[in-house]
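Each remark here refers to the structure printed beneath this line.
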Amino acid sequence: MTDMQDIPDEAPVNEHADPAAPASTAPPAPTPPPISALLDAAARAALPVLRGVRDDQLGLPTPCAEYDVRALLNHLFQVVVAFRTLAAKKDVDFGTTPDRLGDYGAQWPDRFAEEAARLVEAWAVPGAEDGLTGGMKLPARTVGAMVLLDLTVHAWDVARAAGLPYTPAPGTVAELRTLVAQMAPTARKMNVFAEPLPVPPGACGLDALLAETGRDPHWTTR
């Protein structure tokens with residue numbers, strides 16, 4: 001995978017170009033929305049799902065075979081907290097996953113909402129999207145998009161496991177399909193993604209995104 005920092009700042013000069021030719025009038029590419037805005041929208045879309053999970057559903061399987069609902073929620077807590085630190089260009093340790101649901105009891109959805117709000121604030125700090133961050137020294141915006149992916153896809157995982165409705169936040173799927181297209185080969189080598197699944201023509205963007213991460217968009221506990 002070619003990191004963004006490896007792309008030259010200047011395009012190669014065409015020595016045969018006609019200097020009298022008019023300059024290109026193509027419109028500039030649209031400015032992508034800030035990661036903080038996308039994270040805020042994704043958290044708002046995820047919270048109704050998390051608040052809808054009942055205690056008797058915490059042991060149910062999820063589309064992530066290695067996680068039941070409880071373990072996946074604890075993982076999502078860990079991600080939201082850790083990526084707040086990454087926004088500040090500091091290192092994090094993913095070695096252990098705290099049992100936030102056990103620590104917070106019935107208040108865990110409210111505590112998750114608070115942590116998600118802090119995540120948004122961290123990525124809204126000027127300069128958070130600039131430069132490199134994380135142990136792999138990835139472009140900061142790419143790292144921000146990685147937590148956006150977790151918020152979006154894991155909310156779907158929980159919704160499918162608990163039989164709850166879920167609609168991703170507007171704009172997130174398009175951003176994430178670009179991210180997944182860039183990172184999927186490396187993610188598969190690291191067993192972060194499973195092999196992609198086929199999707200029928202005309203599938204919605206969310207189904208295509210899920211399939212690219214190796215998820216069955218029609219997964220069910222039954």
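Chain lettering (A, B, ...) mirrors the order of the structure tokens, residue numbering begins at 1 for each chain separately, and ligand numbering begins at 1 in order of display.
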
Residues of region 22-144 of chain A in helix (DSSP H, G or I), written as number ranges by chain: A: 35-51, 55-57, 69-87, 100-124, 140-144

Determine, using only C-alpha atoms, which residues of region 79-100 of chain A have any atom at most 7 Å from an atom of region 125-147 of chain A, and tabulate each with its shortest atom pair and distance in Å to one decimal place, rows ordered by chain and then rising number, as a tab-separated table.
```
residue	atom	partner	partner_atom	distance
A:Val79	CA	A:Val147	CA	6.9
A:Phe83	CA	A:Val147	CA	6.7
A:Leu86	CA	A:Gly134	CA	6.1
A:Ala87	CA	A:Ala128	CA	5.5
A:Ala88	CA	A:Ala128	CA	6.6
A:Lys89	CA	A:Thr133	CA	5.1
A:Asp91	CA	A:Gly134	CA	6.0
```

Please dump the current selection as a compact mmCIF listing (two decimals), in the first residue's frame; keep all heavy atoms.
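The resulting file, out-v5.txt, is reproduced below:
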```
# COMPACT_ATOMS: atom_id res chain seq x y z
N VAL A 79 -11.62 1.08 21.53
CA VAL A 79 -11.26 1.78 20.31
C VAL A 79 -11.54 3.28 20.45
O VAL A 79 -10.70 4.13 20.10
CB VAL A 79 -12.02 1.18 19.11
CG1 VAL A 79 -11.94 2.10 17.90
CG2 VAL A 79 -11.45 -0.20 18.77
N PHE A 83 -8.40 5.87 20.25
CA PHE A 83 -8.24 6.75 19.09
C PHE A 83 -8.36 8.22 19.46
O PHE A 83 -7.98 9.08 18.68
CB PHE A 83 -9.22 6.36 17.98
CG PHE A 83 -8.71 5.23 17.12
CD1 PHE A 83 -8.72 3.92 17.58
CD2 PHE A 83 -8.20 5.47 15.86
CE1 PHE A 83 -8.24 2.89 16.81
CE2 PHE A 83 -7.72 4.45 15.07
CZ PHE A 83 -7.73 3.15 15.54
N LEU A 86 -4.74 8.77 19.95
CA LEU A 86 -4.06 8.84 18.65
C LEU A 86 -4.28 10.18 17.98
O LEU A 86 -3.41 10.67 17.26
CB LEU A 86 -4.54 7.70 17.75
CG LEU A 86 -4.07 6.30 18.14
CD1 LEU A 86 -4.77 5.25 17.30
CD2 LEU A 86 -2.56 6.17 18.00
N ALA A 87 -5.43 10.79 18.19
CA ALA A 87 -5.68 12.11 17.61
C ALA A 87 -4.67 13.14 18.14
O ALA A 87 -4.32 14.10 17.44
CB ALA A 87 -7.10 12.58 17.94
N ALA A 88 -4.19 12.92 19.36
CA ALA A 88 -3.20 13.83 19.97
C ALA A 88 -1.78 13.41 19.63
O ALA A 88 -0.83 13.94 20.22
CB ALA A 88 -3.39 13.85 21.48
N LYS A 89 -1.63 12.47 18.67
CA LYS A 89 -0.30 12.01 18.21
C LYS A 89 0.48 11.31 19.31
O LYS A 89 1.71 11.37 19.37
CB LYS A 89 0.52 13.20 17.65
CG LYS A 89 -0.18 14.06 16.60
CD LYS A 89 -0.42 13.30 15.32
CE LYS A 89 -0.83 14.23 14.17
NZ LYS A 89 -2.09 14.95 14.37
N ASP A 91 1.09 7.55 21.59
CA ASP A 91 1.01 6.11 21.41
C ASP A 91 -0.04 5.51 22.33
O ASP A 91 -0.33 6.05 23.41
CB ASP A 91 2.37 5.46 21.69
CG ASP A 91 3.41 5.81 20.64
OD1 ASP A 91 3.01 6.09 19.49
OD2 ASP A 91 4.61 5.82 20.97
```

Which distance in Å separates CA of Thr186 (chain A) and CA of Leu210 (chain A), to one decimal? 16.7 Å

Kindly indicate which residue among A:Val153, A:Cys64, A:Ala187, A:Ala37 lies nearest to Ala208 (chain A), using only C-alpha atoms for the distances. A:Val153

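The smallest atom-to-atom distance between Leu101 (chain A) and any of A:Thr167, A:Thr172, A:Thr85, A:Gln78, using only C-alpha atoms, is found for A:Gln78.
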
Calculate how many Å separate CA of Val69 (chain A) from CA of Leu47 (chain A), rounding to one decimal.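 Computing the Euclidean distance for CA of Val69 (chain A) and CA of Leu47 (chain A) yields 14.6 Å.
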
Dump as a Markdown table the rows for residues of region 116-140 of chain A within 10 Å of region 43-46 of chain A: closest atom pair and distance in Å with one decimal, only C-alpha atoms counted, ordered by chain and rising residue number.
```
| residue | atom | partner | partner_atom | distance |
| --- | --- | --- | --- | --- |
| A:Ala116 | CA | A:Ala43 | CA | 6.5 |
| A:Ala117 | CA | A:Ala43 | CA | 8.1 |
| A:Leu119 | CA | A:Ala43 | CA | 9.6 |
| A:Val120 | CA | A:Ala43 | CA | 8.8 |
```

Next, dump the selected residues to file, keeping only C-alpha atoms, as an mmCIF file, in the first residue's frame.
```cif
data_model
loop_
_atom_site.group_PDB
_atom_site.id
_atom_site.type_symbol
_atom_site.label_atom_id
_atom_site.label_comp_id
_atom_site.auth_asym_id
_atom_site.auth_seq_id
_atom_site.Cartn_x
_atom_site.Cartn_y
_atom_site.Cartn_z
ATOM 1 C CA ALA A 116 -17.658 9.217 21.908
ATOM 2 C CA ALA A 117 -18.174 12.949 22.480
ATOM 3 C CA LEU A 119 -13.405 11.344 20.636
ATOM 4 C CA VAL A 120 -15.144 13.879 18.408
#
```

Find the residue from A:Leu148, A:Val49, A:Ala71, A:Leu197 that sits nearest to Gly171 (chain A); use only C-alpha atoms when measuring. A:Leu148

Atomic distance CA of Ala161 (chain A) - CA of Thr220 (chain A), expressed in Å with one decimal: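 If I compute the distance from CA of Ala161 (chain A) to CA of Thr220 (chain A), I get 7.1 Å.
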
Could you write out, as a VMD selection string, all the residues of region 110-188 of chain A that DSSP marks as strand (DSSP E)? chain A and resid 132 to 133 138 to 139

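Closest to Lys90 (chain A) among A:Ala65, A:Ala122, A:Leu60, A:Val173 is A:Ala122, based on only C-alpha atoms.
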